[in-house]
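Student: For reference, the structure I am asking about is given below.
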Amino acid sequence: MRFEAVSHDPRMTPTEPRVPGHDPRVPPPGPQRHEHPVTSIVPPVPTADSTGRHQRPGNGAAGPAPARPRVDFAVVRELRRELSERITLWQRGRDFTAAEEDVERSRLAVAVVAEYADAVRRAGTPMAAVEERALLDQVTAELAGLGRLQTLLVDQTIEEVHILGCDQVRITRHGGGVDWADPIADSDEELVEILQAAARRAGSTERSLSTVKPTLDLQLPDGSRLAAVYLVSQRPYAVIRKHNTLDVSLDDICGGRADLDEMIDVLIRDFLRAAMAAGLNIMVAGLAGAGKTTVIRALMDEIPPDEPYVLLEESRELLPARRGAKHRAVMSFESREGHGERGLDGRPAGEVTIADLIPVALRMGVLRIIVGEVRSREIVPMLQAMTTSRGSMCTIHARTPGGVGERIIELALAHGREMTVDQARRMAGNALDLIVYVTVEDETAIGGRKHRFVSHIEEVIGVGEGSRITTTTVFGPGADGRAVPKHLPERIREHLLRVGYDARLLTRYIEAGIGAWRRPRSSRLRQNQPPAAAQPMLRRAR
């Protein structure tokens with residue numbers, strides 16, 4: 001391929017027209033307005049406010065993220081075609097391994113981009129090194145089928161992305177800041193092609209986005225979770241939830257890492273560590289985005305390195321944290337979507353659900369079974385597995401701590417007509433030992449940030465009068481909403497003693513009504529509340 005000597009300008013965007021006789025480097029008269037602010041590839045430099053606290057861009061932040069180099073996607077597509085041709089020529093008539101192919105692919109990508117950069121330099125407009133690197137990243141992403149999604153995946157400040165059609169990209173950053181990014185594709189059709197390419201590369205289980213299957217749920221190469229829908233929606237929509245904390249421990253969420261919220265204090269950390277050592281069955285509950293996955297990852301870190309266990313997920317989110325030498329004995333199962341005609345049971349051919357995999361997991365000779373999330377009828381085999389295992393865990397969505405029991409019953413009733421409310425309660429009472437509730441308080445609308453923390457740890461005693469699930473609040477909300485010791489555990493106390501944990505250490509904290517949190521909560525809402533003594537007066541005034 002012979003690259004033409006073109007005049008390169010890093011400020012030229014793909015959407016700016018090249019008008020004959022007009023120098024794109026000279027801005028037109030009048031104020032300039034950009035509908036889509038630029039999203040940074042590299043994490044922005046934190047800035048300090050008047051209190052010395054560091055803030056990130058977004059609502060309540062000090063300023064916008066620094067601009068990333070602009071990329072001309074017409075050039076990207078041309079370079080991708082050239083790179084594809086060179087890779088095909090290299091593969092022809094050659095025996096090679098996957099590792100050798102990856103090395104050659106990288107070498108050719110660097111060569112193609114370097115040749116283009118040299119051509120631009122010969123034209124008299126040199127490319128900066130950061131611009132050349134951005135172009136190389138984008139060409140590589142195009143070849144992998146991720147397209148402009150790659151620019152979002154490499155930004156470590158991003159927490160969640162809402163793609164509302166090709167040209168509406170809403171970014172939520174860590175801490176709650178919100179930005180609107182550049183278009184993710186030139187058209188909705190191209191956006192669908194990118195999503196379909198990502199589905200084809202989803203891994204061992206079949207994933208697709210088509211007229212037959214207009215929804216998609218998968219894990220991206222960096223571990224992020226992607227959900228997409230089209231045809232049944234006005235435009236193609238997609239949501240990416242990034243998991244930047246793939247390797248996390250109880251110490252990390254106890255204030256040990258600056259990039260993580262202090263989700264637990266040392267008292268909760270020691271209690272949960274003992275609970276894992278004792279092989280207690282734990283359910284982690286909370287709203288979407290509360291941090292349930294982070295908590296269960298931290299709990300999984302307590303599993304002995306050589307202990308085999310089974311991990312069941314609809315889309316792999318927990319496994320990346322277990323790669324490497326630490327947990328070599330983990331067996332990861334992923335559900336599979338069905339395709340084609342439905343059988344006599346009404347299910348698509350080839351479908352394998354979490355409920356189908358749990359009996360298989362029980363035959364794998366393990367004591368622990370971990371389900372990434374129970375959201376349907378798999379709750380019944382999960383609870384049945386817990387009654388015959390130890391140290392099993394799962395997550396579940398619930399609006400409030402008190403609603404966890406009713407949510408369990410609701411999902412259990414979806415298992416079939418043979419399931420009753422009383423039966424579901426007895427099953428939960430016999431299977432579960434602890435329910436850990438994770439709370440999220442979003443104060444971004446009033447200039448604050450999102451706060452994630454454990455607010456409740458309930459010990460499941462069993463089923464009491466009226467077939468109600470009986471619990472003891474071992475840790476409950478303190479003055480600032482975060483969990484503090486409330487009562488000593490009852491049923492599980494002996495299990496904890498066997499692993500060297502004496503729950504009576506919590507007695508003085510229970511009497512004082514305090515916890516051991518390292519840092520005070522910086523809540524804007526609580527700062528604006530009047531002192532407790534003024535509350536009765538306000539109630540009378542109302």
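Naming scheme: A, B, ... for chains in displayed order of the structure tokens; residues 1 onward per chain; ligands 1 onward as shown.
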If you run DSSP over the backbone, which residues in region 215-293 of chain A end up alpha helix (DSSP H)? Put them as an MDAnalysis selection string.
Tutor: chainID A and resid 266:277 292:293
Student: Any idea what's packed within 7 Å of region 422-436 of chain A, counting only C-alpha atoms, ignoring anything in its chain fewer than 3 positions away? Could you give it as a VMD selection string?
Tutor: chain A and resid 280 to 285 383 386 to 387 409 412 419 456 to 463 467 to 469
Student: Find the spatial neighbours of Arg107 (chain A), counting only C-alpha atoms, within a cut-off of 12 Å - ignore same-chain residues fewer than 3 positions away - and output them as a list in words.
Tutor: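 Contacts, in chain order: Leu83, Arg86, Ile87, Trp90, Glu100, Glu101, Asp102, Val103, Glu104, Val110, Ala111, Val112, Val113, Ala114, Leu136 and Thr140 of chain A.
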Student: Would you list, as number ranges by chain, the residues of region 98-280 of chain A that end up in strand (DSSP E) under DSSP run on this structure's backbone?
Tutor: A: 158-164, 169-173, 178-181, 215-219, 225-229, 237-241
Student: Hey, can you check how far CA of Ile492 (chain A) sits from CA of Glu373 (chain A)?
Tutor: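 CA of Glu373 (chain A) lies at a distance of 24.4 Å from CA of Ile492 (chain A).
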Student: If we count only C-alpha atoms and set the cut-off at 12 Å, which residues sit around Ala129 (chain A), ignoring sequence neighbours fewer than 4 positions away in its own chain? Please answer as a ChimeraX atom specification.
Tutor: /A:10,69,113-114,117-118,121,133-136
